Structures are given as C-alpha cells and as structure tokens.
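Novice: Below is final_30.txt; it holds compact mmCIF, C-alpha atoms (C1' of nucleotides).
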# COMPACT_ATOMS: atom_id res chain seq x y z
CA MET A 1 -0.97 -3.20 -4.30
CA PRO A 2 1.52 -0.48 -4.93
CA GLU A 3 4.34 -0.46 -2.41
CA LEU A 4 7.51 1.62 -2.66
CA PRO A 5 8.92 -0.09 -5.79
CA GLU A 6 5.65 0.26 -7.70
CA VAL A 7 5.16 3.88 -6.66
CA GLU A 8 8.73 4.67 -7.68
CA ASN A 9 8.05 3.26 -11.14
CA VAL A 10 4.79 5.20 -11.43
CA ARG A 11 6.73 8.34 -10.47
CA ASN A 12 9.36 7.79 -13.15
CA GLY A 13 6.72 7.13 -15.78
CA LEU A 14 4.66 10.18 -14.88
CA LYS A 15 7.71 12.43 -14.87
CA LYS A 16 8.42 11.65 -18.50
CA LEU A 17 4.87 12.50 -19.50
CA ILE A 18 3.60 15.47 -17.50
CA LEU A 19 6.53 17.45 -16.09
CA GLY A 20 6.06 21.16 -16.85
CA LYS A 21 2.38 20.78 -17.79
CA ILE A 22 -0.19 23.13 -16.32
CA ILE A 23 -3.41 22.00 -14.67
CA ILE A 24 -6.27 23.91 -16.29
CA ASP A 25 -9.08 22.39 -14.27
CA THR A 26 -9.94 19.45 -12.02
CA HIS A 27 -13.01 17.21 -11.93
CA VAL A 28 -13.78 15.10 -8.88
CA LEU A 29 -16.17 12.20 -9.50
CA TRP A 30 -15.79 10.50 -6.09
CA SER A 31 -15.27 13.09 -3.41
CA ASN A 32 -13.96 10.73 -0.71
CA ILE A 33 -10.70 10.47 -2.67
CA ILE A 34 -9.99 14.09 -1.73
CA LYS A 35 -9.04 14.06 1.91
CA GLU A 36 -8.23 17.74 2.23
CA PRO A 37 -9.07 20.53 1.64
CA SER A 38 -12.76 20.57 0.56
CA VAL A 39 -13.37 19.55 -3.05
CA SER A 40 -14.22 23.12 -4.10
CA GLU A 41 -11.13 24.51 -2.39
CA PHE A 42 -9.06 21.72 -3.95
CA GLN A 43 -10.30 22.59 -7.45
CA LYS A 44 -9.76 26.28 -6.91
CA LYS A 45 -6.19 25.89 -5.65
CA MET A 46 -5.21 23.42 -8.40
CA ARG A 47 -6.29 25.74 -11.17
CA GLY A 48 -3.30 27.13 -13.08
CA GLN A 49 -0.68 25.21 -11.09
CA LYS A 50 2.30 23.86 -12.99
CA ILE A 51 3.68 20.38 -12.31
CA VAL A 52 7.22 21.35 -11.38
CA ASP A 53 8.47 17.99 -10.13
CA ILE A 54 7.25 14.59 -9.00
CA LYS A 55 8.80 13.03 -5.91
CA ARG A 56 8.07 10.13 -3.62
CA GLN A 57 8.34 9.46 0.08
CA GLY A 58 7.54 5.93 1.24
CA LYS A 59 4.40 4.97 -0.69
CA PHE A 60 3.30 8.59 -1.07
CA LEU A 61 3.54 10.21 -4.48
CA LEU A 62 4.29 13.93 -4.27
CA PHE A 63 3.33 16.23 -7.14
CA ILE A 64 5.32 19.40 -6.59
CA LEU A 65 3.34 22.38 -7.93
CA ASN A 66 4.11 26.11 -7.94
CA ASP A 67 2.47 26.84 -4.60
CA TYR A 68 1.34 23.46 -3.27
CA VAL A 69 2.21 19.80 -3.02
CA LEU A 70 -0.36 17.20 -4.04
CA ILE A 71 0.16 14.21 -1.76
CA SER A 72 -1.30 11.11 -3.42
CA HIS A 73 -1.56 7.61 -1.98
CA LEU A 74 -2.61 4.81 -4.32
CA ARG A 75 -3.44 2.38 -1.49
CA MET A 76 -4.47 -0.91 -3.05
CA GLU A 77 -5.38 -0.31 -6.64
CA GLY A 78 -4.92 3.35 -7.48
CA LYS A 79 -3.48 4.12 -10.92
CA TYR A 80 -2.71 7.13 -13.04
CA ARG A 81 -3.35 7.29 -16.76
CA ILE A 82 -2.67 9.98 -19.33
CA GLU A 83 -5.32 10.16 -22.04
CA LYS A 84 -6.35 12.53 -24.79
CA ALA A 85 -9.36 14.56 -23.63
CA THR A 86 -11.49 12.92 -26.32
CA VAL A 87 -11.04 9.40 -24.93
CA PRO A 88 -14.18 8.44 -22.94
CA LEU A 89 -13.82 7.99 -19.19
CA THR A 90 -13.84 4.45 -17.91
CA LYS A 91 -15.86 3.13 -14.99
CA HIS A 92 -13.35 3.52 -12.18
CA THR A 93 -12.10 7.02 -12.98
CA HIS A 94 -12.54 9.25 -9.94
CA VAL A 95 -10.41 12.34 -10.49
CA VAL A 96 -9.57 14.06 -13.78
CA PHE A 97 -6.93 16.79 -14.18
CA GLU A 98 -7.22 18.73 -17.42
CA LEU A 99 -3.78 19.67 -18.70
CA ASP A 100 -2.74 22.47 -21.03
CA SER A 101 -1.73 19.90 -23.65
CA ASP A 102 -5.20 18.68 -24.58
CA GLU A 103 -4.52 15.67 -22.41
CA GLN A 104 -5.92 14.56 -19.08
CA LEU A 105 -4.19 13.05 -16.09
CA ARG A 106 -6.72 10.57 -14.73
CA TYR A 107 -6.84 8.83 -11.38
CA LEU A 108 -8.46 5.37 -11.44
CA ASP A 109 -9.17 3.24 -8.40
CA VAL A 110 -11.46 0.20 -8.33
CA ARG A 111 -11.80 0.13 -4.55
CA LYS A 112 -11.83 3.88 -4.02
CA PHE A 113 -9.29 3.50 -1.20
CA GLY A 114 -6.79 6.02 -2.52
CA LYS A 115 -6.44 9.48 -0.98
CA MET A 116 -5.22 12.90 -2.10
CA SER A 117 -4.25 15.89 0.03
CA LEU A 118 -3.27 19.31 -1.21
CA VAL A 119 -0.96 21.12 1.21
CA ASP A 120 1.10 24.30 1.22
CA LYS A 121 4.59 23.70 -0.07
CA ASP A 122 6.33 24.87 3.09
CA LYS A 123 4.09 22.74 5.31
CA LEU A 124 4.72 19.39 3.62
CA HIS A 125 7.11 18.15 6.28
CA LEU A 126 4.52 18.96 8.96
CA HIS A 127 1.78 16.90 7.37
CA PRO A 128 0.80 13.93 9.58
CA SER A 129 1.09 11.44 6.70
CA ILE A 130 4.62 12.56 5.93
CA LYS A 131 6.17 13.61 9.20
CA ASN A 132 5.96 10.19 10.85
CA LEU A 133 7.53 8.25 7.98
CA GLY A 134 10.68 6.34 8.85
CA PRO A 135 13.86 6.22 6.76
CA GLU A 136 13.84 5.18 3.11
CA PRO A 137 15.26 1.67 2.60
CA THR A 138 18.63 2.57 1.09
CA VAL A 139 22.22 2.19 2.31
CA GLU A 140 22.50 5.94 2.72
CA THR A 141 19.31 6.40 4.74
CA LEU A 142 18.61 3.23 6.73
CA LYS A 143 21.00 2.68 9.61
CA THR A 144 21.29 -0.31 11.93
CA GLU A 145 20.70 2.07 14.83
CA ASP A 146 17.25 2.98 13.38
CA LEU A 147 16.16 -0.65 13.48
CA ILE A 148 17.56 -1.28 16.95
CA LYS A 149 15.65 1.72 18.22
CA ALA A 150 12.39 0.65 16.57
CA LEU A 151 12.59 -2.97 17.67
CA LYS A 152 14.30 -3.23 21.02
CA LYS A 153 11.36 -2.28 23.21
CA THR A 154 8.41 -3.83 21.40
CA GLU A 155 6.60 -7.10 21.82
CA ARG A 156 4.89 -6.75 18.46
CA PRO A 157 5.60 -9.38 15.83
CA ILE A 158 8.40 -8.34 13.49
CA LYS A 159 6.01 -8.47 10.53
CA ALA A 160 3.84 -5.78 12.18
CA CYS A 161 6.97 -3.69 12.82
CA LEU A 162 7.95 -3.86 9.13
CA LEU A 163 4.45 -2.82 8.02
CA ASP A 164 4.61 0.16 10.39
CA GLN A 165 5.73 3.06 8.20
CA LYS A 166 7.55 4.63 11.16
CA THR A 167 10.08 1.77 11.15
CA VAL A 168 10.98 1.95 7.46
CA ALA A 169 9.01 3.84 4.82
CA GLY A 170 7.49 1.99 1.90
CA ILE A 171 7.29 -1.67 2.92
CA GLY A 172 3.91 -3.34 2.36
CA ASN A 173 2.54 -6.83 2.74
CA ILE A 174 4.27 -8.44 -0.23
CA TYR A 175 7.77 -7.15 0.49
CA ALA A 176 7.46 -7.68 4.26
CA ASP A 177 7.02 -11.41 3.60
CA GLU A 178 9.83 -11.49 1.05
CA ILE A 179 12.21 -9.58 3.34
CA LEU A 180 11.60 -11.88 6.33
CA TYR A 181 12.09 -14.95 4.14
CA ASP A 182 15.34 -13.52 2.81
CA ALA A 183 16.52 -12.78 6.36
CA TYR A 184 15.52 -16.24 7.72
CA ILE A 185 13.27 -14.62 10.35
CA HIS A 186 9.86 -15.98 11.39
CA PRO A 187 7.14 -13.29 10.94
CA GLU A 188 5.79 -13.83 14.47
CA ARG A 189 9.12 -13.28 16.22
CA LYS A 190 8.79 -10.41 18.69
CA GLY A 191 10.64 -7.25 17.74
CA ASN A 192 12.65 -7.25 20.97
CA SER A 193 13.71 -10.87 20.52
CA LEU A 194 15.95 -10.27 17.50
CA SER A 195 19.70 -10.61 18.03
CA SER A 196 22.21 -8.07 16.72
CA ASP A 197 23.14 -10.45 13.93
CA GLU A 198 19.50 -10.87 12.94
CA ILE A 199 18.92 -7.12 12.90
CA GLU A 200 21.98 -6.67 10.71
CA LYS A 201 20.74 -9.37 8.33
CA LEU A 202 17.27 -7.82 8.35
CA LYS A 203 18.69 -4.45 7.34
CA THR A 204 20.61 -6.01 4.47
CA SER A 205 17.47 -7.85 3.30
CA ILE A 206 15.29 -4.73 3.50
CA ILE A 207 17.69 -2.70 1.38
CA GLY A 208 18.43 -5.57 -0.99
CA ILE A 209 14.85 -6.68 -1.67
CA MET A 210 13.48 -3.17 -2.09
CA SER A 211 16.20 -1.96 -4.47
CA ASP A 212 16.00 -5.16 -6.49
CA ALA A 213 12.21 -4.74 -6.81
CA VAL A 214 12.57 -1.10 -7.94
CA GLU A 215 15.09 -2.18 -10.54
CA LYS A 216 12.80 -4.90 -11.88
CA GLY A 217 9.89 -2.51 -12.29
CA GLY A 218 7.94 -3.60 -9.22
CA THR A 219 5.48 -6.44 -8.80
CA THR A 220 2.44 -6.86 -11.01
CA ILE A 221 -0.28 -8.97 -9.48
CA ARG A 222 -3.94 -9.09 -10.36
CA THR A 223 -5.03 -5.71 -11.62
CA TYR A 224 -1.99 -3.64 -10.83
CA SER A 225 0.00 -2.09 -13.67
CA ASN A 226 1.68 1.29 -13.90
CA ALA A 227 0.64 4.48 -15.64
CA PHE A 228 1.06 3.07 -19.12
CA GLY A 229 -0.31 -0.39 -18.54
CA VAL A 230 3.26 -1.65 -18.44
CA GLU A 231 3.82 -4.47 -16.01
CA GLY A 232 6.70 -5.01 -13.61
CA ASN A 233 8.76 -8.17 -13.47
CA TYR A 234 9.36 -8.74 -9.80
CA GLN A 235 6.45 -11.17 -9.46
CA SER A 236 8.70 -13.74 -11.18
CA TYR A 237 11.19 -13.37 -8.34
CA LEU A 238 8.80 -13.75 -5.39
CA ASN A 239 9.78 -16.57 -3.04
CA VAL A 240 6.88 -16.79 -0.59
CA TYR A 241 4.13 -14.22 -1.28
CA GLY A 242 1.18 -15.98 -2.90
CA LYS A 243 3.10 -19.29 -2.81
CA LYS A 244 1.00 -21.15 -0.23
CA ASP A 245 1.52 -24.93 -0.50
CA GLU A 246 4.29 -24.47 -3.04
CA THR A 247 7.82 -25.71 -2.37
CA CYS A 248 10.48 -23.55 -0.72
CA GLN A 249 13.33 -23.07 -3.19
CA ARG A 250 15.91 -23.35 -0.42
CA CYS A 251 14.77 -26.43 1.52
CA GLN A 252 11.86 -27.98 -0.40
CA HIS A 253 9.46 -27.69 2.54
CA LYS A 254 5.94 -26.36 1.94
CA ILE A 255 5.29 -22.60 2.19
CA GLU A 256 2.58 -21.85 4.76
CA LYS A 257 0.09 -19.02 5.00
CA ILE A 258 -1.00 -17.65 8.39
CA LYS A 259 -2.43 -14.39 9.75
CA VAL A 260 -0.12 -11.94 11.51
CA ALA A 261 -1.32 -8.47 12.52
CA GLN A 262 -4.54 -9.21 10.53
CA ARG A 263 -2.56 -9.67 7.31
CA GLY A 264 -2.10 -12.73 5.16
CA THR A 265 1.48 -13.84 5.84
CA HIS A 266 3.54 -16.33 3.86
CA TYR A 267 6.66 -18.05 5.16
CA CYS A 268 8.70 -21.23 5.16
CA PRO A 269 8.32 -22.98 8.53
CA HIS A 270 11.64 -24.78 8.04
CA CYS A 271 13.82 -21.79 7.03
CA GLN A 272 12.11 -19.30 9.34
CA LYS A 273 11.96 -20.86 12.80
CA ILE A 274 10.13 -19.18 15.67
CA GLY A 275 12.41 -20.49 18.42
CA ARG A 276 16.11 -19.70 18.68
C1' DC B 1 2.26 6.69 24.41
C1' DA B 2 1.60 2.02 22.32
C1' DA B 3 -1.16 -1.16 20.10
C1' DG B 4 -5.36 -3.27 18.53
C1' DA B 5 -9.98 -2.94 16.25
C1' DG B 6 -13.10 -0.91 12.95
C1' DG B 7 -14.06 1.55 8.66
C1' DC B 8 -13.35 2.64 4.01
C1' DC B 9 -14.53 -0.14 -0.88
C1' DT B 10 -15.63 -3.62 -4.65
C1' DG B 11 -14.14 -7.58 -7.50
C1' DT B 12 -13.06 -12.28 -6.90
C1' DT B 13 -13.44 -16.61 -4.80
C1' DA B 14 -15.15 -20.08 -1.55
C1' DG B 15 -18.97 -22.41 0.24
C1' DC B 16 -23.71 -23.84 0.64
C1' DT C 1 -26.05 -23.46 -11.09
C1' DG C 2 -26.94 -19.34 -8.39
C1' DC C 3 -26.80 -17.11 -4.47
C1' DT C 4 -24.47 -15.14 -0.24
C1' DA C 5 -20.48 -14.54 2.68
C1' DA C 6 -15.77 -14.14 3.26
C1' DC C 7 -11.61 -12.21 1.74
C1' DA C 8 -8.01 -8.96 0.09
C1' DG C 9 -5.43 -4.84 2.13
C1' DG C 10 -2.88 0.48 3.80
C1' DC C 11 -3.90 3.94 6.38
C1' DC C 12 -6.62 6.83 9.49
C1' DT C 13 -9.54 7.27 13.51
C1' DC C 14 -11.20 5.71 17.68
C1' DT C 15 -10.78 2.94 21.81
C1' DT C 16 -8.37 0.63 25.41
What would the structure in this file look like if it were written as structure tokens?

Specialist:
Amino acid sequence: MPELPEVENVRNGLKKLILGKIIIDTHVLWSNIIKEPSVSEFQKKMRGQKIVDIKRQGKFLLFILNDYVLISHLRMEGKYRIEKATVPLTKHTHVVFELDSDEQLRYLDVRKFGKMSLVDKDKLHLHPSIKNLGPEPTVETLKTEDLIKALKKTERPIKACLLDQKTVAGIGNIYADEILYDAYIHPERKGNSLSSDEIEKLKTSIIGIMSDAVEKGGTTIRTYSNAFGVEGNYQSYLNVYGKKDETCQRCQHKIEKIKVAQRGTHYCPHCQKIGR
DNA sequence: CAAGAGGCCTGTTAGC
DNA sequence: TGCTAACAGGCCTCTT
C-alpha cells in the first residue's frame, strides 16, 4: 500500500517519463475513481493540458498542469504505467490519458479504491484533502512543537495519532508500526501519556524511518510495485510489520499482532511496554 | 470539535 | 476438495 516513500518514488519515476507531455484525451473506465468534477467535465478540462510538474504532499500525488492540478491518491493498490497506445489494456485499468507522444499514461487499481480530483491551480491549498495535511516528516518541516500540540490533549492511542494525516503527512500502517518499534513506544499508549523524551525520540524515528524508506525505494509487498514494475527494497529492512510470531531482532521475544484503531498492528511486547 | 463506525472494492486466505 | 466468510486497508462521510 503506497505510503509517502512509495508515492515519492512513483513521482520521481513519472517525472522522468512524462514531464512536458500534453494530454490529448482521457478515457474513464470506472467512474468512481474520479471524485470531482463530473467525468465529462474532467475529460473536457484535461484536454490539451501540459504536464508541467509532478509534486507530492503526504500520500497525494499532484500533477501540475497549465490551468489545473490533478490530485491523485493511490490508496491501497493504485499504480501508474506508461504504455505505447498499441499495447492492449489489462483488466484493472480504470483511467487512460492519451499523450501527444503516442503513449498512454494508465491508472491501474485492483481494488478501485484510488481517487482523482481536478482542481483549479490557485485553489489547491483550499482543497479539503490537502489543507488539513500535517507537516512532512523531514528535519526542516516537522518540529517537536507540532507533535506536542497534536498529542498532549488526546486519549487516542499513539498509533491512531500517527495514522491521522493531520499529525504528520504520509505515514500509513506499515511505517506507523516501524516508527513505534524504533521509538520503543507501545502502539496503544495514549497520545497524552508520552513524556517529552518519548516525543523527542518519536520525532527522530518518524524522520529517520521515512527518509530511509524513501532512499531504499519504498516497500514492495504483495502486488505493489512502482510505475515501471521496479520494486523497492525497504521490505528487507522491516522489523515488525508482517513479522507476527517471528523473533524481535533486539531482544529475541516474539512479535505480536493486535488490532489498534481497527488496523492490524505489529509490535514487540518486550521492547514496547504499555506501562511506564 | 473530536472520535468512532460504515462504506468503498476485490484478491487472497482461513475455516468448515 | 470446494465452497463461503473473513480479512486487508486509507480516506471520506455520517453519526454520536
């Protein structure tokens, strides 16, 4: 499931291939992917737009066009592929952008969970998906004060706080588990129960894990791979996610899997204590 | 306002 | 073995 590191790698790959290309026409094969505007309006507005830049905010991919921004969220299994127009469409292709290069930018999504919105360029920062996103997880953008503010008054489990995109943008289920393991914090600890030292450690882990994952090309599990079918490497560095009943590398105790905020959650009960 | 539940989807896996 | 049911999961919408 693409989280920030995977989306960042998709962005870099797409930039190399389609920057400066013009969208001749758009075909929508599953209309629920297009959140706004209507499909016909979407097609009309896209026609003739040039792909000027590709950016990212949290897990949202932003195609910067002449007049609009295409906000694209891959959710669980969304992928982009570039193909020659003559290559037959595969089963899970839902949106096709015809480019001026005889190629097509294709959006594939097995579960059809992904969403696209086309918004006016000057209204991007007002869009509900974008305007509530918290800081990006880098040294320059994520401050201790941000975390203190987000956590000090909430009884929610820290895992739920990390998954909330208002706290930090771009963390999903895999990296939330990895971050909490790295910071020695139990996923069910209440937000307001963390000490200053723990918040400081959490910040360091958030920034460290996310940048490391970006650098290693993201995590490839199950069906996920980036725009070119290239796989990331970070799955080899996971410590707890998907490691139920395996041995903790730090203390040799067994990794456990529980449910927190309705999400599968992996942790080491010895390294990440609930009390204290 | 905060926070939890339900809905969107389909391929894979667990269980009878 | 062959079927059905549960599960996976990010975000939005609705409810409390």

Novice: Between CA of Phe42 (chain A) and CA of Gly172 (chain A), what is the distance, to one decimal in Å?

Specialist: 28.9 Å

Novice: Do you know which residues are at most 12 Å from region 2-14 of chain C counting all atoms listed in the file, after dropping those on the same chain fewer than 3 positions away, and could you put them as number ranges by chain?

Specialist: A: 1-3, 35, 59-60, 73-78, 111, 113-115, 128-129, 163-165, 170-174, 222, 242, 261-265; B: 4-16

Novice: One decimal, Å: what's the distance from CA of Ser196 (chain A) over to CA of Pro137 (chain A), could you say?

Specialist: 18.5 Å

Novice: Quick one: everything within 10 Å of DA3 (chain B), counting all atoms listed in the file, minus sequence neighbours fewer than 3 positions away in the same chain. Send it as a list in words.

Specialist: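 Here the qualifying residues turn out to be Glu155 and Arg156 of chain A; DT16 of chain C.
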
Novice: Have a look at A:Ser195, A:Thr204, A:Gln43, A:Asn32 and name the one nearest to chain B; count only C-alpha atoms (C1' of nucleotides).

Specialist: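 For chain B, the nearest of the candidates is A:Asn32.
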
Novice: Nearest to chain B: which of A:His127, A:Lys15, A:Lys55, A:Lys153 is it, counting only C-alpha atoms (C1' of nucleotides)?

Specialist: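 Closest residue, counting only C-alpha atoms (C1' of nucleotides): A:Lys153.
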
Novice: So how far away is CA of Asp177 (chain A) from CA of Glu145 (chain A), in Å?

Specialist: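 Calculated distance between CA of Glu145 (chain A) and CA of Asp177 (chain A) is 22.2 Å.
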